[in-house]
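Trainee: Got a structure for you, target10.csv, holding CSV, N, CA and C atoms.
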```csv
chain,number,residue,atom,x,y,z
P,1,MET,N,40.4,-14.1,-43.1
P,1,MET,CA,39.0,-14.3,-43.2
P,1,MET,C,38.5,-13.9,-44.6
P,2,SER,N,37.6,-14.6,-45.1
P,2,SER,CA,37.1,-14.3,-46.4
P,2,SER,C,36.1,-13.1,-46.3
P,3,LEU,N,35.9,-12.5,-47.4
P,3,LEU,CA,35.0,-11.4,-47.5
P,3,LEU,C,33.6,-11.8,-47.3
P,4,GLU,N,33.2,-13.0,-47.7
P,4,GLU,CA,31.8,-13.5,-47.5
P,4,GLU,C,31.5,-13.7,-46.0
P,5,PHE,N,32.5,-14.3,-45.3
P,5,PHE,CA,32.4,-14.5,-43.9
P,5,PHE,C,32.2,-13.2,-43.1
P,6,GLN,N,33.0,-12.2,-43.5
P,6,GLN,CA,32.8,-10.9,-42.8
P,6,GLN,C,31.5,-10.3,-43.1
P,7,ALA,N,31.0,-10.4,-44.3
P,7,ALA,CA,29.7,-9.9,-44.6
P,7,ALA,C,28.6,-10.5,-43.8
P,8,ILE,N,28.7,-11.8,-43.7
P,8,ILE,CA,27.7,-12.6,-42.9
P,8,ILE,C,27.7,-12.1,-41.4
P,9,ILE,N,28.9,-12.0,-40.9
P,9,ILE,CA,29.1,-11.6,-39.5
P,9,ILE,C,28.5,-10.1,-39.3
P,10,TYR,N,28.9,-9.2,-40.2
P,10,TYR,CA,28.4,-7.8,-40.1
P,10,TYR,C,26.8,-7.8,-40.2
P,11,THR,N,26.3,-8.6,-41.1
P,11,THR,CA,24.9,-8.6,-41.3
P,11,THR,C,24.2,-9.1,-40.0
P,12,MET,N,24.7,-10.2,-39.4
P,12,MET,CA,24.2,-10.7,-38.2
P,12,MET,C,24.3,-9.7,-37.0
P,13,LEU,N,25.4,-9.0,-36.9
P,13,LEU,CA,25.6,-8.0,-35.9
P,13,LEU,C,24.6,-6.8,-36.1
P,14,LEU,N,24.4,-6.5,-37.3
P,14,LEU,CA,23.4,-5.4,-37.6
P,14,LEU,C,22.0,-5.9,-37.2
P,15,LEU,N,21.7,-7.1,-37.5
P,15,LEU,CA,20.4,-7.7,-37.2
P,15,LEU,C,20.2,-7.7,-35.7
P,16,VAL,N,21.2,-8.1,-34.9
P,16,VAL,CA,21.1,-8.1,-33.5
P,16,VAL,C,21.0,-6.7,-32.9
P,17,LEU,N,21.7,-5.8,-33.5
P,17,LEU,CA,21.6,-4.4,-33.0
P,17,LEU,C,20.2,-3.8,-33.3
P,18,VAL,N,19.6,-4.1,-34.4
P,18,VAL,CA,18.2,-3.7,-34.7
P,18,VAL,C,17.2,-4.3,-33.7
P,19,LEU,N,17.4,-5.6,-33.5
P,19,LEU,CA,16.5,-6.3,-32.5
P,19,LEU,C,16.7,-5.7,-31.1
P,20,LEU,N,17.9,-5.4,-30.7
P,20,LEU,CA,18.1,-4.8,-29.4
P,20,LEU,C,17.4,-3.4,-29.3
P,21,ILE,N,17.5,-2.7,-30.4
P,21,ILE,CA,16.9,-1.3,-30.4
P,21,ILE,C,15.3,-1.5,-30.3
P,22,ILE,N,14.8,-2.4,-31.0
P,22,ILE,CA,13.3,-2.7,-30.9
P,22,ILE,C,12.9,-3.1,-29.5
P,23,LEU,N,13.7,-4.0,-29.0
P,23,LEU,CA,13.4,-4.5,-27.6
P,23,LEU,C,13.5,-3.4,-26.6
P,24,CYS,N,14.5,-2.5,-26.7
P,24,CYS,CA,14.6,-1.4,-25.8
P,24,CYS,C,13.4,-0.4,-25.9
P,25,VAL,N,12.9,-0.2,-27.1
P,25,VAL,CA,11.8,0.7,-27.3
P,25,VAL,C,10.5,0.0,-26.7
P,26,LYS,N,10.3,-1.2,-26.8
P,26,LYS,CA,9.2,-1.9,-26.3
P,26,LYS,C,9.3,-1.9,-24.7
P,27,ILE,N,10.5,-2.1,-24.2
P,27,ILE,CA,10.6,-2.0,-22.7
P,27,ILE,C,10.3,-0.6,-22.2
P,28,ILE,N,10.7,0.4,-22.9
P,28,ILE,CA,10.4,1.8,-22.5
P,28,ILE,C,8.9,2.0,-22.5
P,29,CYS,N,8.2,1.5,-23.5
P,29,CYS,CA,6.8,1.7,-23.6
P,29,CYS,C,6.1,0.9,-22.4
P,30,THR,N,6.6,-0.2,-22.1
P,30,THR,CA,6.0,-1.0,-21.0
P,30,THR,C,6.2,-0.3,-19.7
P,31,LEU,N,7.4,0.2,-19.5
P,31,LEU,CA,7.7,0.9,-18.3
P,31,LEU,C,6.8,2.2,-18.1
P,32,HIS,N,6.5,2.9,-19.2
P,32,HIS,CA,5.6,4.0,-19.1
P,32,HIS,C,4.2,3.5,-18.7
P,33,LYS,N,3.7,2.4,-19.2
P,33,LYS,CA,2.4,1.9,-18.8
P,33,LYS,C,2.4,1.5,-17.3
P,34,VAL,N,3.5,0.8,-16.9
P,34,VAL,CA,3.6,0.4,-15.5
P,34,VAL,C,3.6,1.6,-14.6
P,35,ASP,N,4.3,2.7,-15.0
P,35,ASP,CA,4.4,3.9,-14.2
P,35,ASP,C,3.0,4.5,-14.0
P,36,LYS,N,2.2,4.5,-15.1
P,36,LYS,CA,0.8,5.0,-15.0
P,36,LYS,C,0.0,4.2,-14.0
P,37,VAL,N,0.1,2.8,-14.1
P,37,VAL,CA,-0.6,2.0,-13.2
P,37,VAL,C,-0.2,2.2,-11.8
P,38,VAL,N,1.1,2.4,-11.5
P,38,VAL,CA,1.6,2.6,-10.2
P,38,VAL,C,1.0,3.9,-9.6
P,39,ASP,N,1.0,5.0,-10.5
P,39,ASP,CA,0.5,6.3,-10.0
P,39,ASP,C,-1.0,6.1,-9.7
P,40,ASP,N,-1.7,5.4,-10.5
P,40,ASP,CA,-3.2,5.2,-10.3
P,40,ASP,C,-3.4,4.5,-9.0
P,41,VAL,N,-2.7,3.4,-8.7
P,41,VAL,CA,-2.8,2.6,-7.5
P,41,VAL,C,-2.4,3.5,-6.3
P,42,SER,N,-1.4,4.3,-6.5
P,42,SER,CA,-1.0,5.1,-5.4
P,42,SER,C,-2.0,6.2,-5.0
P,43,SER,N,-2.7,6.8,-6.0
P,43,SER,CA,-3.7,7.8,-5.7
P,43,SER,C,-4.9,7.1,-5.0
P,44,LYS,N,-5.3,5.9,-5.5
P,44,LYS,CA,-6.4,5.2,-4.9
P,44,LYS,C,-6.1,4.8,-3.5
P,45,LEU,N,-4.9,4.4,-3.2
P,45,LEU,CA,-4.5,4.0,-1.9
P,45,LEU,C,-4.5,5.2,-0.9
P,46,SER,N,-4.1,6.3,-1.4
P,46,SER,CA,-4.2,7.5,-0.6
P,46,SER,C,-5.6,7.9,-0.2
P,47,ARG,N,-6.5,7.6,-1.0
P,47,ARG,CA,-7.9,7.9,-0.7
P,47,ARG,C,-8.4,6.9,0.4
P,48,VAL,N,-8.0,5.6,0.2
P,48,VAL,CA,-8.4,4.6,1.1
P,48,VAL,C,-7.7,4.8,2.5
P,49,ASP,N,-6.5,5.4,2.4
P,49,ASP,CA,-5.7,5.7,3.7
P,49,ASP,C,-6.5,6.8,4.5
P,50,ASN,N,-7.0,7.8,3.8
P,50,ASN,CA,-7.8,8.8,4.4
P,50,ASN,C,-9.1,8.2,5.1
P,51,LEU,N,-9.7,7.2,4.4
P,51,LEU,CA,-10.9,6.6,5.0
P,51,LEU,C,-10.5,5.8,6.2
P,52,PHE,N,-9.4,5.1,6.2
P,52,PHE,CA,-8.9,4.3,7.4
P,52,PHE,C,-8.6,5.3,8.5
P,53,ASP,N,-8.0,6.5,8.2
P,53,ASP,CA,-7.7,7.4,9.3
P,53,ASP,C,-9.0,7.9,9.9
P,54,MET,N,-10.1,8.1,9.1
P,54,MET,CA,-11.3,8.5,9.7
P,54,MET,C,-11.9,7.4,10.6
P,55,ILE,N,-11.8,6.2,10.1
P,55,ILE,CA,-12.3,5.1,10.9
P,55,ILE,C,-11.6,4.9,12.2
P,56,ASP,N,-10.2,5.1,12.1
P,56,ASP,CA,-9.4,5.0,13.3
P,56,ASP,C,-9.8,6.1,14.3
P,57,THR,N,-10.0,7.3,13.9
P,57,THR,CA,-10.4,8.4,14.8
P,57,THR,C,-11.7,8.2,15.4
P,58,THR,N,-12.7,7.7,14.6
P,58,THR,CA,-14.0,7.4,15.2
P,58,THR,C,-13.9,6.2,16.2
P,59,THR,N,-13.1,5.2,15.9
P,59,THR,CA,-13.0,4.1,16.8
P,59,THR,C,-12.3,4.6,18.1
P,60,ASN,N,-11.3,5.5,18.0
P,60,ASN,CA,-10.7,6.0,19.3
P,60,ASN,C,-11.7,6.8,20.1
P,61,ALA,N,-12.5,7.6,19.4
P,61,ALA,CA,-13.5,8.4,20.2
P,61,ALA,C,-14.5,7.5,20.9
P,62,ILE,N,-15.0,6.5,20.2
P,62,ILE,CA,-16.0,5.5,20.8
P,62,ILE,C,-15.4,4.8,21.9
P,63,SER,N,-14.1,4.4,21.8
P,63,SER,CA,-13.4,3.7,22.8
P,63,SER,C,-13.2,4.5,24.1
P,64,SER,N,-12.9,5.8,23.8
P,64,SER,CA,-12.8,6.7,25.0
P,64,SER,C,-14.1,6.9,25.7
P,65,LEU,N,-15.2,7.1,24.9
P,65,LEU,CA,-16.5,7.2,25.5
P,65,LEU,C,-16.9,6.0,26.3
P,66,ASN,N,-16.6,4.8,25.7
P,66,ASN,CA,-16.9,3.6,26.4
P,66,ASN,C,-16.1,3.4,27.7
P,67,ASP,N,-14.8,3.8,27.7
P,67,ASP,CA,-14.0,3.8,28.9
P,67,ASP,C,-14.6,4.7,30.0
P,68,LYS,N,-15.1,5.9,29.6
P,68,LYS,CA,-15.7,6.8,30.6
P,68,LYS,C,-17.0,6.2,31.2
P,69,ILE,N,-17.8,5.6,30.3
P,69,ILE,CA,-19.1,5.0,30.8
P,69,ILE,C,-18.8,3.8,31.7
P,70,VAL,N,-17.8,3.0,31.4
P,70,VAL,CA,-17.5,1.8,32.2
P,70,VAL,C,-16.9,2.3,33.5
P,71,THR,N,-16.1,3.3,33.5
P,71,THR,CA,-15.5,3.8,34.7
P,71,THR,C,-16.6,4.4,35.6
P,72,GLY,N,-17.5,5.1,35.1
P,72,GLY,CA,-18.6,5.7,35.8
P,72,GLY,C,-19.5,4.6,36.4
P,73,VAL,N,-19.9,3.6,35.7
P,73,VAL,CA,-20.7,2.5,36.2
P,73,VAL,C,-20.0,1.7,37.3
P,74,TYR,N,-18.7,1.5,37.1
P,74,TYR,CA,-17.9,0.8,38.1
P,74,TYR,C,-17.8,1.6,39.4
P,75,GLY,N,-17.7,2.9,39.2
P,75,GLY,CA,-17.7,3.8,40.4
P,75,GLY,C,-19.0,3.7,41.2
P,76,VAL,N,-20.1,3.8,40.5
P,76,VAL,CA,-21.4,3.7,41.1
P,76,VAL,C,-21.6,2.3,41.8
P,77,ILE,N,-21.2,1.3,41.2
P,77,ILE,CA,-21.4,-0.1,41.8
P,77,ILE,C,-20.5,-0.2,43.0
P,78,GLN,N,-19.3,0.4,42.9
P,78,GLN,CA,-18.4,0.3,44.0
P,78,GLN,C,-18.9,1.1,45.2
P,79,LYS,N,-19.5,2.2,45.0
P,79,LYS,CA,-20.1,3.0,46.1
P,79,LYS,C,-21.3,2.3,46.7
P,80,LEU,N,-22.1,1.6,45.9
P,80,LEU,CA,-23.2,0.8,46.4
P,80,LEU,C,-22.7,-0.3,47.4
P,81,PHE,N,-21.7,-1.0,47.0
P,81,PHE,CA,-21.2,-2.1,47.8
P,81,PHE,C,-20.5,-1.5,49.0
P,82,LYS,N,-19.8,-0.4,49.0
P,82,LYS,CA,-19.2,0.2,50.1
P,82,LYS,C,-20.3,0.6,51.2
P,83,LYS,N,-21.4,1.1,50.7
P,83,LYS,CA,-22.5,1.5,51.6
P,83,LYS,C,-23.1,0.3,52.3
P,84,LYS,N,-23.2,-0.8,51.5
P,84,LYS,CA,-23.8,-2.0,52.2
P,84,LYS,C,-22.8,-2.6,53.2
P,85,LYS,N,-21.5,-2.5,53.0
P,85,LYS,CA,-20.5,-3.0,53.9
P,85,LYS,C,-20.5,-2.1,55.1
P,86,GLU,N,-20.7,-0.8,55.0
P,86,GLU,CA,-20.7,0.2,56.1
P,86,GLU,C,-21.9,0.0,56.9
P,87,ASP,N,-23.1,-0.4,56.3
P,87,ASP,CA,-24.3,-0.6,57.0
P,87,ASP,C,-24.2,-1.8,57.9
P,88,ASP,N,-23.5,-2.8,57.4
P,88,ASP,CA,-23.4,-4.1,58.2
P,88,ASP,C,-22.5,-3.9,59.3
```
Please go through the file and, once you have read it, give me the structure as structure tokens.

Mentor:
Amino acid sequence: MSLEFQAIIYTMLLLVLVLLIILCVKIICTLHKVDKVVDDVSSKLSRVDNLFDMIDTTTNAISSLNDKIVTGVYGVIQKLFKKKKEDD
């Protein structure tokens, strides 16, 4: 191989190495930004999760109260119909 050909190859390899280093630095910076966004989204989702837990607890309480009311009303209606059947 001639000296000129080796110089061209080494220059290209050096250029590729520099470009790879620059690319790695940019990727690292991008990953730091993505990490910040993921942390922000995670914290906001935890707040929303607490809100949904509150809504779920409230819904369960209302459903339980509704079941008790319906059971009571059903019992009263059932007693009324039993009395009418016994009277007949």

Trainee: As an exercise, work out the distance from CA of Gly72 in chain P to CA of Asp56 in chain P in Å and give it to one decimal place.

Mentor: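 We find that CA of Gly72 in chain P and CA of Asp56 in chain P lie 24.3 Å from each other.
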
Trainee: Atom C of Asn50 in chain P and CA of Lys36 in chain P, how far apart in Å?

Mentor: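 Spanning CA of Lys36 in chain P to atom C of Asn50 in chain P is a straight-line distance of 22.6 Å.
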
Trainee: Do you have the CA of Val25 in chain P-CA of Ala7 in chain P distance handy?

Mentor: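 If I compute the distance from CA of Val25 in chain P to CA of Ala7 in chain P, I get 27.1 Å.
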